[in-house]
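Accompanying notes for the structure given below.
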Amino acid sequence: MKKILLGLIAVVVIAAAGFFGFDFYAQRRVTRDVEAAFEQVRASGTKASHGKITFDVKSRTLTIADVATESGTQSPVSVKIASLTMTGLGQTDAARVSAGNVEFSDVEIGVAGPTPTITSLTYKAPRITVKDYSGPASLPQLPASSSIFELYRSAFGLLASINASSVAAPSLTGTMTFSAAAKAGDGAGGEFAYSGIAIENMKDGKIASSKTDKVVFTINQQTAGKPIKMTGEFANIAATDIDVGAMAAIFDPGKANDDREYRIQGHLSAGPYVITAAPGVNMRIEGVTVDDTRINPSRMQLPALLAMIPPQGSPPPSAAQARELLDKIAGLYSGIGIANAEMHGLSVETPQGPLKLASMRFNFEHGKIGELAVEGLDTRAPNGPIKVGRFALKSLDVASFMRLSAQFAAQKPSAEQALALFPLIEGVEVKGVASPYKATGKPVNIDVFSLDWGQFVGSIPSKLRLTAKLAAPLDAADPRQQPFVAAGIDRMAVDADLGAVWTETSRVFVLEPVKLDMAGLLNASAKLSLGNVPRETFSASAAEAMGAAAQIEAGMIELTIHDLGIIDLAVGQYARTRNISRDEARKVILDAIKAQGAEIGGGNPDATALVTAIGQFIETPGQTLVIKLTPRAKAPALQLMQLLKTDPQSALAQFRIEASTGL
């Protein structure tokens, strides 16, 4: 739509360029000066013609009939205007002209081959009106080439030089034809119609507001030899605080080193948006909003990116060229900022079932999404309905992802290279999930699942926090779950909280909190620390990490377990497998613990106290068991773990053990 308005405004400039500075009261002079302006256009390689010219001195009204132009570029653009009328002509100074009212009637703009997939594109507007026009008194310099970069740069520069209180087009229709490259089939193309187009207060390169009441379109194409028809309607498109001068900065080579941030748009809203596609696919979006859009020309480097795009028909890029192109695209993302973008009220109907989404929103700063959140997902799987209250990525570095992807072009990344992707996301959160469990008709519920990581050492996080609260039905066919089912438990609820952090100054690694609550069975908490943990432990190189791990020293371990029924469940399962009573089963278990304790404890009173506390914990249901292990001296953690397998008595002797029970 902007291209159309730019083309029409350019015609205004052409009509008025040679007019002032002469005696505009003379009809012959007017005709001669207008013709001179058209001749200037022809001299640049563009075809330009017009019909009858009339000028009313009293009302200062100029009318030009049958205006027709066609560019000489590779993809020619043609403009036809049945009548152009400019009323209240004046000249504010030597460099600018003005008109109280400019009206175009029966406008037609055509573009041949604008993209590799579109053969032709045509716009038609019965009437376009410009109020309080003011623009350059001379014809603007035409682009030196037909590249899309030069065309956009010239167009935005021209638009930024024009002032008008309003531009209105009550209706605009268009058609496009797909090329064979689109593999769309013969006669494939589309039609679209705009209504209620209005631009308000264009001044000094800025537009206060623009709106379009409705856009309706129809697209016909073929897929797998079958005709496909898609129709759509997009309503209430409105934007405010548009800075055309800032948009021009993107295409200005002189801004390549300009590290300033330009705000190009304040607010954009649109919706509802409805699409219908046969067979049986319908989509509706209630609304879309985008706030505070900004760009940084030096980071985007758009001219360099466009220069790298190979022309149609060129051979595929080499791996090196692909890497360079992806790196430039990453720079493009780095130069874009969006305070907030949101889509709400998405509903999709398909033959496989419906899908609904309450909202999706994100913010974007310097190539990085602060948070991408999807809320209110409601869809259906083969086994039943799926609901997701909220899914969020906590930060996603899109630009860095593109740069890393460039390194992987035409080659499979190594494990160490793949780990470099890890820091690009800082966490994930899921809430309010209900999903069917197999074909049982019972749901798996996730109240919350939140995983955060950070404080990276290279590509490995040294800080992590996991919070999860979920419940799921048990499967009697799963041998691992059969003991719970046999005990009458058909559903398991779990509440977990796990934290881990490494402090570089103290070289201490701590697991805290470590909490687990299995509803109706037990709740437990723990704390584990490791000392002398070197930075190299977090290396992406397995050899370096293992070498550093040998320096790690065992730290304090604390464990608290509160029995809510897990002991009775274990005793009951043991009784069933041995076909004995529960009391007999409990006695057998206690005797085995005492025998093993005597073997492990030996002359270590601490180990004996530990075995005694465990026995008391099993003997009396509902107990709380507290165990604390403190190293007697510095000891390598890896050696202790190996010793625990071969000589548990010696391993335990390395710790001062405190163990107790209580209700």
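Simple scheme: letters A, B, ... for chains in structure tokens order, numbers from 1 for residues in each chain, numbers from 1 for ligands in the order shown.
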All strand (DSSP E) residues (DSSP, backbone) inside stretch 115-340 of chain A, as number ranges by chain: A: 115, 118-136, 164-178, 189-203, 206-223, 226-243, 262-270, 273-277, 281-295, 336-340
12 Å contact set for A:Ala341, only C-alpha atoms, chain neighbours under 5 positions out, as a count of residues only: 24
Could you name the residues that touch stretch 254-263 of chain A at 10 Å or less, counting only C-alpha atoms, but leaving out those on the same chain fewer than 2 positions away, as number ranges by chain? A: 241-252, 265-266, 292-304, 335-338
From a DSSP pass on the backbone, collect the residues of stretch 270-469 of chain A flagged as alpha helix (DSSP H) and hand them back as a PDB file with N, CA, C and O atoms, in the first residue's frame.
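Dumped to states-v7.pdb:
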ATOM      1  N   PRO A 297      20.434   0.892  12.746  1.00  0.00           N
ATOM      2  CA  PRO A 297      20.972   0.646  11.400  1.00  0.00           C
ATOM      3  C   PRO A 297      22.342  -0.028  11.398  1.00  0.00           C
ATOM      4  O   PRO A 297      22.605  -0.903  10.578  1.00  0.00           O
ATOM      5  N   SER A 298      23.240   0.364  12.313  1.00  0.00           N
ATOM      6  CA  SER A 298      24.592  -0.193  12.278  1.00  0.00           C
ATOM      7  C   SER A 298      24.598  -1.671  12.627  1.00  0.00           C
ATOM      8  O   SER A 298      25.450  -2.428  12.142  1.00  0.00           O
ATOM      9  N   ARG A 299      23.679  -2.115  13.456  1.00  0.00           N
ATOM     10  CA  ARG A 299      23.616  -3.537  13.805  1.00  0.00           C
ATOM     11  C   ARG A 299      22.923  -4.350  12.715  1.00  0.00           C
ATOM     12  O   ARG A 299      23.287  -5.502  12.472  1.00  0.00           O
ATOM     13  N   MET A 300      21.965  -3.750  12.052  1.00  0.00           N
ATOM     14  CA  MET A 300      21.205  -4.487  11.048  1.00  0.00           C
ATOM     15  C   MET A 300      22.019  -4.722   9.765  1.00  0.00           C
ATOM     16  O   MET A 300      21.939  -5.787   9.170  1.00  0.00           O
ATOM     17  N   LEU A 302      21.616  -3.793   6.760  1.00  0.00           N
ATOM     18  CA  LEU A 302      20.710  -4.289   5.730  1.00  0.00           C
ATOM     19  C   LEU A 302      21.293  -4.198   4.319  1.00  0.00           C
ATOM     20  O   LEU A 302      21.135  -5.136   3.533  1.00  0.00           O
ATOM     21  N   PRO A 303      21.986  -3.111   3.941  1.00  0.00           N
ATOM     22  CA  PRO A 303      22.558  -3.077   2.590  1.00  0.00           C
ATOM     23  C   PRO A 303      23.506  -4.246   2.326  1.00  0.00           C
ATOM     24  O   PRO A 303      23.462  -4.865   1.263  1.00  0.00           O
ATOM     25  N   ALA A 304      24.351  -4.563   3.308  1.00  0.00           N
ATOM     26  CA  ALA A 304      25.289  -5.680   3.131  1.00  0.00           C
ATOM     27  C   ALA A 304      24.551  -7.003   3.025  1.00  0.00           C
ATOM     28  O   ALA A 304      24.932  -7.892   2.246  1.00  0.00           O
ATOM     29  N   LEU A 305      23.465  -7.162   3.791  1.00  0.00           N
ATOM     30  CA  LEU A 305      22.682  -8.397   3.725  1.00  0.00           C
ATOM     31  C   LEU A 305      22.015  -8.553   2.364  1.00  0.00           C
ATOM     32  O   LEU A 305      22.073  -9.625   1.751  1.00  0.00           O
ATOM     33  N   LEU A 306      21.391  -7.491   1.873  1.00  0.00           N
ATOM     34  CA  LEU A 306      20.715  -7.573   0.585  1.00  0.00           C
ATOM     35  C   LEU A 306      21.704  -7.838  -0.544  1.00  0.00           C
ATOM     36  O   LEU A 306      21.378  -8.531  -1.514  1.00  0.00           O
ATOM     37  N   ALA A 307      22.914  -7.307  -0.418  1.00  0.00           N
ATOM     38  CA  ALA A 307      23.918  -7.526  -1.459  1.00  0.00           C
ATOM     39  C   ALA A 307      24.356  -8.989  -1.520  1.00  0.00           C
ATOM     40  O   ALA A 307      24.844  -9.453  -2.561  1.00  0.00           O
ATOM     41  N   MET A 308      24.183  -9.718  -0.419  1.00  0.00           N
ATOM     42  CA  MET A 308      24.610 -11.115  -0.382  1.00  0.00           C
ATOM     43  C   MET A 308      23.570 -12.077  -0.925  1.00  0.00           C
ATOM     44  O   MET A 308      23.882 -13.242  -1.194  1.00  0.00           O
ATOM     45  N   ALA A 319      29.030 -23.652   1.588  1.00  0.00           N
ATOM     46  CA  ALA A 319      28.904 -23.670   3.047  1.00  0.00           C
ATOM     47  C   ALA A 319      29.415 -22.367   3.650  1.00  0.00           C
ATOM     48  O   ALA A 319      28.822 -21.816   4.575  1.00  0.00           O
ATOM     49  N   ALA A 320      30.520 -21.845   3.105  1.00  0.00           N
ATOM     50  CA  ALA A 320      31.069 -20.586   3.617  1.00  0.00           C
ATOM     51  C   ALA A 320      30.114 -19.430   3.355  1.00  0.00           C
ATOM     52  O   ALA A 320      29.925 -18.560   4.211  1.00  0.00           O
ATOM     53  N   GLN A 321      29.510 -19.404   2.164  1.00  0.00           N
ATOM     54  CA  GLN A 321      28.553 -18.344   1.841  1.00  0.00           C
ATOM     55  C   GLN A 321      27.316 -18.440   2.729  1.00  0.00           C
ATOM     56  O   GLN A 321      26.780 -17.422   3.173  1.00  0.00           O
ATOM     57  N   ALA A 322      26.847 -19.672   2.976  1.00  0.00           N
ATOM     58  CA  ALA A 322      25.680 -19.861   3.840  1.00  0.00           C
ATOM     59  C   ALA A 322      25.969 -19.383   5.256  1.00  0.00           C
ATOM     60  O   ALA A 322      25.124 -18.745   5.899  1.00  0.00           O
ATOM     61  N   ARG A 323      27.176 -19.668   5.753  1.00  0.00           N
ATOM     62  CA  ARG A 323      27.540 -19.218   7.100  1.00  0.00           C
ATOM     63  C   ARG A 323      27.576 -17.695   7.173  1.00  0.00           C
ATOM     64  O   ARG A 323      27.107 -17.092   8.137  1.00  0.00           O
ATOM     65  N   GLU A 324      28.137 -17.075   6.156  1.00  0.00           N
ATOM     66  CA  GLU A 324      28.220 -15.619   6.144  1.00  0.00           C
ATOM     67  C   GLU A 324      26.830 -14.992   6.070  1.00  0.00           C
ATOM     68  O   GLU A 324      26.553 -13.985   6.735  1.00  0.00           O
ATOM     69  N   LEU A 325      25.939 -15.593   5.262  1.00  0.00           N
ATOM     70  CA  LEU A 325      24.581 -15.074   5.133  1.00  0.00           C
ATOM     71  C   LEU A 325      23.826 -15.189   6.453  1.00  0.00           C
ATOM     72  O   LEU A 325      23.146 -14.246   6.886  1.00  0.00           O
ATOM     73  N   LEU A 326      23.943 -16.338   7.124  1.00  0.00           N
ATOM     74  CA  LEU A 326      23.269 -16.515   8.417  1.00  0.00           C
ATOM     75  C   LEU A 326      23.808 -15.546   9.460  1.00  0.00           C
ATOM     76  O   LEU A 326      23.060 -15.060  10.314  1.00  0.00           O
ATOM     77  N   ASP A 327      25.099 -15.276   9.401  1.00  0.00           N
ATOM     78  CA  ASP A 327      25.685 -14.319  10.335  1.00  0.00           C
ATOM     79  C   ASP A 327      25.120 -12.921  10.104  1.00  0.00           C
ATOM     80  O   ASP A 327      24.851 -12.179  11.063  1.00  0.00           O
ATOM     81  N   LYS A 328      24.905 -12.545   8.847  1.00  0.00           N
ATOM     82  CA  LYS A 328      24.314 -11.245   8.531  1.00  0.00           C
ATOM     83  C   LYS A 328      22.860 -11.187   8.992  1.00  0.00           C
ATOM     84  O   LYS A 328      22.382 -10.153   9.481  1.00  0.00           O
ATOM     85  N   ILE A 329      22.125 -12.295   8.843  1.00  0.00           N
ATOM     86  CA  ILE A 329      20.736 -12.334   9.303  1.00  0.00           C
ATOM     87  C   ILE A 329      20.674 -12.177  10.819  1.00  0.00           C
ATOM     88  O   ILE A 329      19.798 -11.504  11.359  1.00  0.00           O
ATOM     89  N   ALA A 330      21.644 -12.782  11.517  1.00  0.00           N
ATOM     90  CA  ALA A 330      21.708 -12.613  12.976  1.00  0.00           C
ATOM     91  C   ALA A 330      21.893 -11.143  13.331  1.00  0.00           C
ATOM     92  O   ALA A 330      21.297 -10.634  14.285  1.00  0.00           O
ATOM     93  N   GLY A 331      22.723 -10.431  12.546  1.00  0.00           N
ATOM     94  CA  GLY A 331      22.895  -9.003  12.773  1.00  0.00           C
ATOM     95  C   GLY A 331      21.609  -8.236  12.569  1.00  0.00           C
ATOM     96  O   GLY A 331      21.322  -7.263  13.277  1.00  0.00           O
ATOM     97  N   LEU A 332      20.814  -8.666  11.588  1.00  0.00           N
ATOM     98  CA  LEU A 332      19.517  -8.029  11.343  1.00  0.00           C
ATOM     99  C   LEU A 332      18.629  -8.128  12.577  1.00  0.00           C
ATOM    100  O   LEU A 332      18.005  -7.149  13.003  1.00  0.00           O
ATOM    101  N   TYR A 333      18.579  -9.317  13.191  1.00  0.00           N
ATOM    102  CA  TYR A 333      17.796  -9.486  14.418  1.00  0.00           C
ATOM    103  C   TYR A 333      18.353  -8.623  15.555  1.00  0.00           C
ATOM    104  O   TYR A 333      17.594  -8.088  16.370  1.00  0.00           O
ATOM    105  N   SER A 334      19.674  -8.484  15.608  1.00  0.00           N
ATOM    106  CA  SER A 334      20.286  -7.715  16.688  1.00  0.00           C
ATOM    107  C   SER A 334      19.897  -6.247  16.647  1.00  0.00           C
ATOM    108  O   SER A 334      19.970  -5.560  17.666  1.00  0.00           O
ATOM    109  N   VAL A 398      17.859 -15.203  19.916  1.00  0.00           N
ATOM    110  CA  VAL A 398      17.655 -15.578  18.528  1.00  0.00           C
ATOM    111  C   VAL A 398      18.884 -15.263  17.681  1.00  0.00           C
ATOM    112  O   VAL A 398      19.312 -16.074  16.853  1.00  0.00           O
ATOM    113  N   ALA A 399      19.472 -14.090  17.877  1.00  0.00           N
ATOM    114  CA  ALA A 399      20.631 -13.693  17.076  1.00  0.00           C
ATOM    115  C   ALA A 399      21.808 -14.644  17.291  1.00  0.00           C
ATOM    116  O   ALA A 399      22.456 -15.070  16.329  1.00  0.00           O
ATOM    117  N   SER A 400      22.093 -14.986  18.535  1.00  0.00           N
ATOM    118  CA  SER A 400      23.198 -15.912  18.808  1.00  0.00           C
ATOM    119  C   SER A 400      22.896 -17.292  18.260  1.00  0.00           C
ATOM    120  O   SER A 400      23.803 -18.007  17.796  1.00  0.00           O
ATOM    121  N   PHE A 401      21.634 -17.696  18.300  1.00  0.00           N
ATOM    122  CA  PHE A 401      21.252 -18.986  17.725  1.00  0.00           C
ATOM    123  C   PHE A 401      21.546 -19.009  16.225  1.00  0.00           C
ATOM    124  O   PHE A 401      22.056 -20.001  15.692  1.00  0.00           O
ATOM    125  N   MET A 402      21.238 -17.898  15.530  1.00  0.00           N
ATOM    126  CA  MET A 402      21.523 -17.814  14.103  1.00  0.00           C
ATOM    127  C   MET A 402      23.026 -17.890  13.857  1.00  0.00           C
ATOM    128  O   MET A 402      23.480 -18.566  12.919  1.00  0.00           O
ATOM    129  N   ARG A 403      23.816 -17.216  14.675  1.00  0.00           N
ATOM    130  CA  ARG A 403      25.270 -17.224  14.481  1.00  0.00           C
ATOM    131  C   ARG A 403      25.850 -18.626  14.710  1.00  0.00           C
ATOM    132  O   ARG A 403      26.748 -19.069  13.983  1.00  0.00           O
ATOM    133  N   LEU A 404      25.358 -19.320  15.737  1.00  0.00           N
ATOM    134  CA  LEU A 404      25.828 -20.682  15.971  1.00  0.00           C
ATOM    135  C   LEU A 404      25.374 -21.614  14.854  1.00  0.00           C
ATOM    136  O   LEU A 404      26.115 -22.502  14.428  1.00  0.00           O
ATOM    137  N   SER A 405      24.150 -21.416  14.356  1.00  0.00           N
ATOM    138  CA  SER A 405      23.661 -22.219  13.244  1.00  0.00           C
ATOM    139  C   SER A 405      24.551 -22.036  12.025  1.00  0.00           C
ATOM    140  O   SER A 405      24.768 -22.969  11.249  1.00  0.00           O
ATOM    141  N   ALA A 406      25.073 -20.820  11.841  1.00  0.00           N
ATOM    142  CA  ALA A 406      25.968 -20.559  10.713  1.00  0.00           C
ATOM    143  C   ALA A 406      27.222 -21.417  10.810  1.00  0.00           C
ATOM    144  O   ALA A 406      27.748 -21.898   9.797  1.00  0.00           O
ATOM    145  N   GLN A 407      27.709 -21.656  12.029  1.00  0.00           N
ATOM    146  CA  GLN A 407      28.893 -22.495  12.192  1.00  0.00           C
ATOM    147  C   GLN A 407      28.619 -23.953  11.863  1.00  0.00           C
ATOM    148  O   GLN A 407      29.523 -24.699  11.490  1.00  0.00           O
ATOM    149  N   ALA A 415      29.660 -32.618  20.035  1.00  0.00           N
ATOM    150  CA  ALA A 415      28.944 -32.507  21.312  1.00  0.00           C
ATOM    151  C   ALA A 415      29.275 -31.190  22.004  1.00  0.00           C
ATOM    152  O   ALA A 415      28.405 -30.525  22.580  1.00  0.00           O
ATOM    153  N   GLU A 416      30.551 -30.787  21.942  1.00  0.00           N
ATOM    154  CA  GLU A 416      30.952 -29.535  22.571  1.00  0.00           C
ATOM    155  C   GLU A 416      30.310 -28.341  21.871  1.00  0.00           C
ATOM    156  O   GLU A 416      29.895 -27.372  22.518  1.00  0.00           O
ATOM    157  N   GLN A 417      30.208 -28.389  20.526  1.00  0.00           N
ATOM    158  CA  GLN A 417      29.560 -27.302  19.788  1.00  0.00           C
ATOM    159  C   GLN A 417      28.073 -27.244  20.101  1.00  0.00           C
ATOM    160  O   GLN A 417      27.496 -26.159  20.224  1.00  0.00           O
ATOM    161  N   ALA A 418      27.430 -28.410  20.214  1.00  0.00           N
ATOM    162  CA  ALA A 418      26.000 -28.438  20.525  1.00  0.00           C
ATOM    163  C   ALA A 418      25.724 -27.856  21.902  1.00  0.00           C
ATOM    164  O   ALA A 418      24.700 -27.193  22.121  1.00  0.00           O
ATOM    165  N   LEU A 419      26.651 -28.070  22.847  1.00  0.00           N
ATOM    166  CA  LEU A 419      26.464 -27.519  24.191  1.00  0.00           C
ATOM    167  C   LEU A 419      26.458 -25.996  24.189  1.00  0.00           C
ATOM    168  O   LEU A 419      25.899 -25.367  25.085  1.00  0.00           O
TER     169      LEU A 419
END
Can you tell me which residues surround A:Tyr437 at a distance of at most 8 Å, considering only C-alpha atoms, apart from same-chain residues fewer than 4 positions away, and format the answer as a VMD selection string? chain A and resid 383 441 to 444 472 to 473
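Residue neighbourhood of A:Gly88, excluding near-sequence residues (fewer than 5 positions): A:Ser59, A:Arg60, A:Thr61, A:Leu62, A:Ser98, A:Ala99, A:Gly100, A:Asn101, at 9 Å, using only C-alpha atoms.
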Point-to-point distance from atom CA of A:Glu512 to atom CA of A:Asp606, Å rounded to tenths: 24.9 Å
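Taking atom CA of A:Ala613 and atom CA of A:Ala486 as the two end points, the separation is 28.6 Å.
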